[in-house]
>>> print(open('final.txt').read())   # compact mmCIF, C-alpha atoms
# COMPACT_ATOMS: atom_id res chain seq x y z
CA MET A 1 106.56 109.81 94.74
CA LYS A 2 104.77 106.57 93.85
CA LYS A 3 104.43 104.29 96.89
CA ILE A 4 103.96 100.53 96.57
CA ASN A 5 103.89 97.35 98.62
CA LEU A 6 105.73 94.26 97.37
CA ALA A 7 104.59 90.64 97.65
CA LEU A 8 107.43 88.24 96.83
CA GLN A 9 106.71 84.59 96.09
CA GLY A 10 108.88 81.65 97.02
CA GLY A 11 110.15 79.16 94.49
CA GLY A 12 113.66 78.06 95.37
CA ALA A 13 116.43 79.16 93.03
CA HIS A 14 113.81 80.69 90.73
CA GLY A 15 113.84 83.55 93.25
CA ALA A 16 116.70 84.91 91.12
CA PHE A 17 113.94 86.23 88.84
CA THR A 18 112.74 88.37 91.76
CA TRP A 19 116.33 89.51 92.29
CA GLY A 20 116.30 90.96 88.78
CA VAL A 21 112.89 92.56 89.29
CA LEU A 22 114.01 94.26 92.50
CA LEU A 23 117.24 95.55 90.97
CA ARG A 24 115.22 97.25 88.23
CA LEU A 25 112.62 98.70 90.59
CA LEU A 26 115.33 100.11 92.84
CA GLN A 27 116.63 102.16 89.91
CA GLU A 28 113.40 104.19 89.92
CA ASP A 29 114.00 107.12 92.28
CA ASP A 30 110.33 108.08 92.27
CA ILE A 31 109.13 104.64 93.48
CA GLU A 32 109.12 104.09 97.24
CA ILE A 33 108.73 100.59 98.69
CA ALA A 34 106.55 100.95 101.80
CA ALA A 35 106.24 97.29 102.86
CA ILE A 36 107.29 93.82 101.73
CA SER A 37 105.71 90.42 102.37
CA GLY A 38 107.98 87.51 101.43
CA THR A 39 107.96 83.73 101.60
CA SER A 40 110.89 81.32 101.19
CA ALA A 41 113.12 82.76 98.43
CA GLY A 42 110.91 85.84 98.62
CA ALA A 43 111.77 86.13 102.31
CA LEU A 44 115.49 86.06 101.54
CA ASN A 45 115.10 88.71 98.85
CA ALA A 46 112.96 90.83 101.18
CA ALA A 47 115.40 90.61 104.09
CA ALA A 48 118.38 91.39 101.84
CA LEU A 49 116.62 94.42 100.35
CA LYS A 50 115.48 95.74 103.75
CA SER A 51 118.89 95.28 105.39
CA GLY A 52 120.72 96.97 102.52
CA TRP A 53 118.18 99.79 102.31
CA VAL A 54 118.51 100.64 106.02
CA SER A 55 122.31 100.76 105.85
CA GLY A 56 122.78 102.36 102.44
CA GLY A 57 119.53 103.34 100.73
CA ARG A 58 118.87 102.16 97.18
CA THR A 59 122.54 101.52 96.50
CA GLY A 60 122.86 99.50 99.70
CA ALA A 61 119.79 97.44 98.79
CA ILE A 62 121.16 96.68 95.31
CA GLU A 63 124.57 95.72 96.72
CA ASN A 64 123.02 93.46 99.36
CA LEU A 65 120.78 91.68 96.84
CA ASN A 66 123.78 91.08 94.59
CA TRP A 67 125.74 89.76 97.58
CA LEU A 68 122.91 87.37 98.48
CA TRP A 69 122.70 85.78 95.04
CA GLU A 70 126.45 85.66 94.61
CA GLN A 71 126.45 83.57 97.79
CA VAL A 72 123.69 81.36 96.43
CA GLY A 73 125.74 80.73 93.31
CA ALA A 74 125.12 83.39 90.66
CA ILE A 75 127.91 84.63 88.39
CA SER A 76 127.65 88.37 87.93
CA ASP A 77 130.95 89.24 86.25
CA PRO A 78 129.87 91.40 83.24
CA LEU A 79 132.92 90.27 81.26
CA PHE A 80 132.27 86.60 81.88
CA MET A 81 128.50 86.42 81.38
CA PRO A 82 128.41 87.15 77.62
CA TRP A 83 130.80 84.25 77.09
CA ILE A 84 128.84 81.81 79.22
CA THR A 85 125.54 82.91 77.65
CA ALA A 86 126.91 82.21 74.18
CA ALA A 87 128.54 78.94 75.13
CA GLU A 88 125.69 77.33 77.04
CA PRO A 89 122.52 75.80 75.51
CA SER A 90 119.07 77.34 75.85
CA VAL A 91 117.40 77.57 79.24
CA GLY A 92 115.01 74.75 78.29
CA LEU A 93 117.79 72.37 77.27
CA TRP A 94 119.83 73.28 80.34
CA ALA A 95 116.79 72.64 82.56
CA LYS A 96 116.22 69.21 80.97
CA ALA A 97 119.88 68.32 81.40
CA MET A 98 119.65 69.19 85.11
CA LYS A 99 116.38 67.27 85.49
CA TYR A 100 117.87 64.03 84.13
CA SER A 101 121.36 64.37 85.56
CA PRO A 102 122.50 61.40 87.70
CA ALA A 103 123.22 63.70 90.65
CA TYR A 104 119.73 65.23 90.69
CA THR A 105 118.04 61.87 90.05
CA ALA A 106 119.85 60.36 93.02
CA PHE A 107 118.98 63.35 95.20
CA GLU A 108 115.31 63.25 94.23
CA MET A 109 115.02 59.50 94.79
CA THR A 110 116.60 59.81 98.22
CA SER A 111 114.31 62.67 99.24
CA ARG A 112 111.26 60.63 98.21
CA MET A 113 112.32 57.45 99.98
CA PHE A 114 113.75 58.77 103.23
CA SER A 115 112.54 61.22 105.83
CA PRO A 116 114.93 64.12 106.55
CA TYR A 117 114.87 62.89 110.15
CA VAL A 118 116.78 59.80 109.06
CA TYR A 119 119.87 61.87 108.34
CA GLY A 120 119.86 63.78 111.63
CA PRO A 121 121.99 66.95 111.62
CA ALA A 122 123.87 65.78 108.50
CA MET A 123 121.16 67.16 106.20
CA GLN A 124 121.28 70.91 106.85
CA ASN A 125 119.77 73.58 104.66
CA PRO A 126 122.73 75.12 102.77
CA LEU A 127 121.08 78.54 103.06
CA ALA A 128 121.65 78.58 106.82
CA ASP A 129 125.18 79.99 106.63
CA ILE A 130 123.99 82.80 104.34
CA VAL A 131 120.95 83.66 106.43
CA LYS A 132 123.00 83.88 109.62
CA ARG A 133 125.12 86.59 107.99
CA PHE A 134 122.24 89.02 107.49
CA HIS A 135 122.43 92.13 109.69
CA TYR A 136 119.34 91.63 111.84
CA ASP A 137 119.54 95.03 113.49
CA ALA A 138 118.81 96.39 110.00
CA VAL A 139 116.38 93.62 109.00
CA CYS A 140 114.28 94.39 112.10
CA ALA A 141 114.74 98.18 112.04
CA ASP A 142 111.78 100.54 112.32
CA THR A 143 113.07 102.48 109.31
CA GLY A 144 112.85 101.35 105.70
CA PRO A 145 110.11 99.11 104.29
CA ALA A 146 107.98 97.22 106.82
CA LEU A 147 108.90 93.53 106.54
CA HIS A 148 106.64 90.47 106.88
CA ILE A 149 107.91 86.87 106.64
CA CYS A 150 105.51 83.94 106.25
CA ALA A 151 105.94 80.40 107.63
CA THR A 152 103.56 77.48 108.26
CA ASN A 153 102.97 76.16 111.78
CA VAL A 154 103.35 72.38 111.42
CA ARG A 155 101.07 71.35 114.29
CA SER A 156 98.22 73.81 113.73
CA GLY A 157 98.55 74.04 109.95
CA LYS A 158 98.00 77.79 110.22
CA ILE A 159 99.88 80.65 108.65
CA ARG A 160 102.27 82.57 110.87
CA VAL A 161 103.48 85.97 109.69
CA PHE A 162 106.52 87.34 111.53
CA THR A 163 107.30 91.03 111.51
CA GLY A 164 109.54 93.62 113.15
CA ASP A 165 111.86 92.33 115.84
CA GLU A 166 110.26 88.87 115.63
CA ILE A 167 112.38 88.22 112.55
CA MET A 168 115.55 86.22 113.20
CA PRO A 169 117.57 83.62 111.26
CA GLU A 170 115.26 80.80 112.36
CA VAL A 171 112.24 82.63 110.96
CA ILE A 172 113.74 82.98 107.48
CA MET A 173 114.95 79.38 107.56
CA ALA A 174 111.45 78.26 108.59
CA SER A 175 109.95 80.18 105.68
CA ALA A 176 112.23 78.21 103.32
CA CYS A 177 111.91 74.78 104.96
CA LEU A 178 110.62 72.16 102.52
CA PRO A 179 109.52 69.21 104.69
CA SER A 180 110.60 66.57 102.18
CA MET A 181 114.16 67.90 102.33
CA PHE A 182 114.74 69.38 105.79
CA GLN A 183 113.63 68.88 109.35
CA ALA A 184 111.07 71.37 110.65
CA VAL A 185 112.63 74.52 112.11
CA GLU A 186 111.81 74.70 115.82
CA PHE A 187 112.18 77.76 118.04
CA GLU A 188 110.31 79.76 120.64
CA ASP A 189 107.61 81.77 118.91
CA PRO A 190 107.73 85.33 120.33
CA GLN A 191 103.93 85.43 120.11
CA THR A 192 103.07 82.25 122.03
CA ARG A 193 106.29 81.84 124.07
CA GLN A 194 106.08 78.16 123.16
CA ILE A 195 108.48 76.03 121.14
CA GLU A 196 106.81 75.75 117.75
CA ALA A 197 107.74 73.84 114.60
CA PHE A 198 107.53 75.48 111.19
CA TRP A 199 107.64 74.47 107.52
CA ASP A 200 107.80 76.47 104.30
CA GLY A 201 105.44 79.43 104.26
CA GLY A 202 104.37 78.60 100.70
CA TYR A 203 101.79 76.11 101.96
CA THR A 204 99.73 78.81 103.68
CA GLY A 205 100.83 82.12 102.15
CA ASN A 206 102.94 82.45 99.04
CA PRO A 207 103.21 85.22 99.94
CA ALA A 208 100.74 86.49 102.54
CA LEU A 209 98.97 89.55 101.16
CA TYR A 210 96.80 90.55 104.10
CA PRO A 211 99.60 92.24 106.12
CA LEU A 212 99.83 94.71 103.24
CA PHE A 213 96.18 95.81 103.61
CA ALA A 214 96.93 97.99 106.66
CA SER A 215 95.34 101.43 106.46
CA ASP A 216 98.67 103.24 106.83
CA LEU A 217 100.13 101.49 103.76
CA PRO A 218 99.62 102.53 100.12
CA ASP A 219 96.84 100.99 98.06
CA ASP A 220 99.16 99.57 95.39
CA LEU A 221 100.26 95.95 95.72
CA LEU A 222 102.89 94.60 93.31
CA ILE A 223 103.16 90.81 93.25
CA VAL A 224 106.30 89.17 91.86
CA ASN A 225 105.06 85.76 90.76
CA ILE A 226 107.58 83.00 90.07
CA ASN A 227 105.30 79.93 90.15
CA PRO A 228 103.53 79.81 86.79
CA LEU A 229 99.77 80.14 87.13
CA ARG A 230 99.26 78.22 83.90
CA ARG A 231 101.14 75.42 82.11
CA GLU A 232 99.96 74.45 78.64
CA GLU A 233 101.85 71.16 78.52
CA LEU A 234 100.22 68.30 80.41
CA PRO A 235 102.73 66.81 82.89
CA THR A 236 103.10 63.06 82.33
CA ASP A 237 106.31 61.94 84.06
CA VAL A 238 106.66 61.66 87.83
CA GLN A 239 108.90 64.72 88.23
CA SER A 240 106.69 66.97 86.09
CA ILE A 241 103.52 65.84 87.86
CA GLN A 242 105.01 66.50 91.30
CA ASN A 243 106.35 69.84 90.15
CA ARG A 244 102.93 70.94 88.89
CA VAL A 245 101.25 69.72 92.10
CA ASN A 246 103.68 71.88 94.07
CA GLU A 247 103.06 74.89 91.82
CA ILE A 248 99.29 74.58 92.20
CA SER A 249 99.62 74.13 95.96
CA PHE A 250 101.97 77.08 96.34
CA ASN A 251 99.74 79.32 94.20
CA SER A 252 96.47 78.38 95.92
CA SER A 253 96.81 80.74 98.89
CA LEU A 254 97.76 83.63 96.60
CA LEU A 255 94.76 82.99 94.36
CA ARG A 256 92.44 82.83 97.38
CA GLU A 257 93.59 86.24 98.57
CA LEU A 258 93.35 87.70 95.08
CA ARG A 259 89.81 86.35 94.80
CA ALA A 260 88.97 88.04 98.11
CA ILE A 261 90.39 91.33 96.79
CA ASP A 262 88.27 90.96 93.66
CA PHE A 263 85.17 90.33 95.80
CA VAL A 264 85.77 93.47 97.88
CA LYS A 265 86.39 95.54 94.76
CA ARG A 266 83.05 94.39 93.31
CA LEU A 267 81.25 95.25 96.57
CA LEU A 268 82.79 98.72 96.49
CA ALA A 269 81.98 99.18 92.80
CA ASP A 270 78.28 98.33 93.10
CA GLY A 271 77.81 100.30 96.31
CA SER A 272 77.20 97.31 98.58
CA VAL A 273 80.01 98.59 100.80
CA LYS A 274 80.57 102.27 101.56
CA PRO A 275 83.85 103.71 100.24
CA GLY A 276 86.48 103.76 102.96
CA THR A 277 84.90 100.87 104.86
CA MET A 278 87.24 98.38 103.16
CA LYS A 279 90.49 99.01 101.32
CA ASP A 280 90.32 99.19 97.53
CA VAL A 281 93.60 97.43 96.74
CA LEU A 282 95.23 98.22 93.39
CA VAL A 283 96.87 95.02 92.16
CA HIS A 284 99.85 94.71 89.84
CA MET A 285 101.89 91.65 88.89
CA ILE A 286 105.28 90.97 87.35
CA ALA A 287 105.78 87.44 86.01
CA ASP A 288 107.23 85.49 83.09
CA ASP A 289 105.18 82.31 82.79
CA ALA A 290 106.68 81.55 79.37
CA LEU A 291 110.17 81.33 80.88
CA MET A 292 109.02 79.44 83.98
CA ASN A 293 107.30 76.89 81.74
CA THR A 294 110.71 75.93 80.36
CA LEU A 295 112.10 75.29 83.86
CA ASN A 296 111.42 72.50 86.34
CA VAL A 297 111.88 71.28 89.88
CA ALA A 298 115.59 70.64 89.29
CA THR A 299 116.24 74.28 88.41
CA LYS A 300 114.39 75.28 91.59
CA THR A 301 116.51 72.96 93.72
CA ILE A 302 119.99 73.34 92.21
CA PRO A 303 121.28 76.94 91.92
CA SER A 304 122.96 76.70 88.51
CA ALA A 305 124.92 79.84 87.64
CA VAL A 306 123.57 79.76 84.10
CA ILE A 307 119.93 79.54 85.17
CA LEU A 308 120.32 82.12 87.94
CA SER A 309 121.93 84.68 85.67
CA ARG A 310 119.26 84.25 83.01
CA LEU A 311 116.48 84.44 85.58
CA LYS A 312 117.98 87.68 86.87
CA ALA A 313 118.10 89.12 83.35
CA ALA A 314 114.52 87.99 82.70
CA GLY A 315 113.39 89.63 85.94
CA GLU A 316 115.04 92.91 84.99
CA GLN A 317 113.38 92.78 81.56
CA ALA A 318 109.96 91.91 82.99
CA ALA A 319 110.19 94.78 85.49
CA ASP A 320 111.27 97.16 82.73
CA THR A 321 108.26 96.13 80.64
CA PHE A 322 105.96 96.63 83.61
CA LEU A 323 107.35 100.10 84.27
CA THR A 324 106.98 101.08 80.61
CA ASP A 325 103.42 99.80 80.39
CA HIS A 326 102.02 100.40 83.85
CA LYS A 327 104.11 102.80 85.94
CA ALA A 328 101.52 105.48 85.22
CA ASP A 329 98.82 103.19 86.70
CA ILE A 330 100.45 103.17 90.15
CA GLY A 331 98.24 105.09 92.55
CA LYS A 332 95.36 105.19 90.03
CA ARG A 333 94.20 101.75 88.95
CA SER A 334 95.01 98.02 88.96
CA SER A 335 97.03 96.80 86.00
CA ILE A 336 95.70 93.24 86.09
CA ASP A 337 92.07 92.26 85.47
CA LEU A 338 91.07 90.18 88.48
CA ALA A 339 87.55 89.65 87.15
CA ALA A 340 88.99 88.07 83.98
CA MET A 341 91.43 86.00 86.03
CA PHE A 342 88.59 84.33 87.94
CA SER A 343 86.01 84.17 85.16
>>> encode(input="final.txt", output="structure tokens")
Amino acid sequence: MKKINLALQGGGAHGAFTWGVLLRLLQEDDIEIAAISGTSAGALNAAALKSGWVSGGRTGAIENLNWLWEQVGAISDPLFMPWITAAEPSVGLWAKAMKYSPAYTAFEMTSRMFSPYVYGPAMQNPLADIVKRFHYDAVCADTGPALHICATNVRSGKIRVFTGDEIMPEVIMASACLPSMFQAVEFEDPQTRQIEAFWDGGYTGNPALYPLFASDLPDDLLIVNINPLRREELPTDVQSIQNRVNEISFNSSLLRELRAIDFVKRLLADGSVKPGTMKDVLVHMIADDALMNTLNVATKTIPSAVILSRLKAAGEQAADTFLTDHKADIGKRSSIDLAAMFS
């Protein structure tokens, strides 16, 4: 049995890519998911997988992930999808059409000009009704993968990772709370027993890797990255610039933790640190930067059935490629070159 930990990034509707990745991984009977750290869309995917796994094993996890994204807006009918795929334009053209649509332009302008506190309770996160329907006895269960959800404490600016029975609907909503769109999520933090306010976890941990370094967890860490690390095209319009700023911001915490892993690995390799003193994390990554470069902030914000279904298919394909190329590396070596990444 190959045991792994999963780190699931946030990125709005682009989390459908992670949906596809998880569906493919769950088909591998010899891969066991020991723990999951998720932020924003990654938190939703993580909670759906954990809840389904506890109630019905791999099949339950697959069914629950499909249920989640059907609620978000995906079309999964196998008879219908070939028709819509043939009839619709390419992902890039569809993304541009969404970006310049009157509806999205009006939404974006409003979110830039007005605080979400202007609207009062009228502006609610549409994910709330879905999140409330998760089975939290299963989400918080001691069985199945250990679950960690990341949010950002507004007042302190620090990361807050919730785990075990700390996880409730407010925690997942906090992890997905973009401050330009929604009011901060406020609730009593089980740790401090104080009313705290939280924003999207992507600002401080997208996702948080350090909970997965525990000694009782496997060495292998598989990151599902949905915010492109690199964009070749220079952003020049306001939307593209803001989108790239957000991508850089939401990748910064991940890159910091990966740099720390690389530093520890070098200390272990040259003998500066005794083996066993610090964990030698084996890092893997599944991503599709080429696809994500064709998408934009509009496709993150608006869950188009066309985009979601194609992201799911791309995630399944990316995971399949990873398994073909690197499944044998699990438990033995990293499949990404951290030294080259930071050179």
>>> residues_around(input="final.txt", residues="segment 35-39 of chain A", least_positions_apart="4", cutoff="9 Å", atoms="all atoms listed in the file", output="ChimeraX atom specification")
/A:4-11,43-47,50,144-151,161,172,175-176,200-202,205-209,211-212,217-218
>>> atom_distance(input="final.txt", atom1="atom CA of Asp329 of chain A", atom2="atom CA of Ile31 of chain A")
12.4 Å
>>> atom_distance(input="final.txt", atom1="atom CA of Asn225 of chain A", atom2="atom CA of Asp237 of chain A")
24.8 Å
>>> residues_around(input="final.txt", residues="Phe322 of chain A", least_positions_apart="6", cutoff="9 Å", atoms="all atoms listed in the file", output="PDB file with C-alpha atoms, keeping the file's coordinate frame")
ATOM      1  CA  HIS A 284      99.850  94.710  89.840  1.00  0.00           C
ATOM      2  CA  MET A 285     101.890  91.650  88.890  1.00  0.00           C
ATOM      3  CA  ILE A 286     105.280  90.970  87.350  1.00  0.00           C
TER       4      ILE A 286
END
>>> residues_around(input="final.txt", residues="Gly60 of chain A", least_positions_apart="3", cutoff="12 Å", atoms="all atoms listed in the file", output="list in words")
Leu23, Leu26, Gln27, Ala48, Leu49, Lys50, Ser51, Gly52, Trp53, Val54, Ser55, Gly56, Gly57, Glu63, Asn64, Leu65, Asn66, Trp67, Ala138 and Gly144 of chain A
>>> atom_distance(input="final.txt", atom1="atom CA of Phe162 of chain A", atom2="atom CA of Leu221 of chain A")
19.1 Å
>>> closest_residue(input="final.txt", among="A:Val283, A:Arg333, A:Leu295, A:Ala184", to="Leu308 of chain A", atoms="all atoms listed in the file")
A:Leu295
>>> closest_residue(input="final.txt", among="A:Gly42, A:Pro235, A:Gly331, A:Gly20", to="Val281 of chain A", atoms="all atoms listed in the file")
A:Gly331
>>> residues_around(input="final.txt", residues="Ile330 of chain A", least_positions_apart="6", cutoff="8 Å", atoms="all atoms listed in the file", output="ChimeraX atom specification")
/A:2-4,220,282
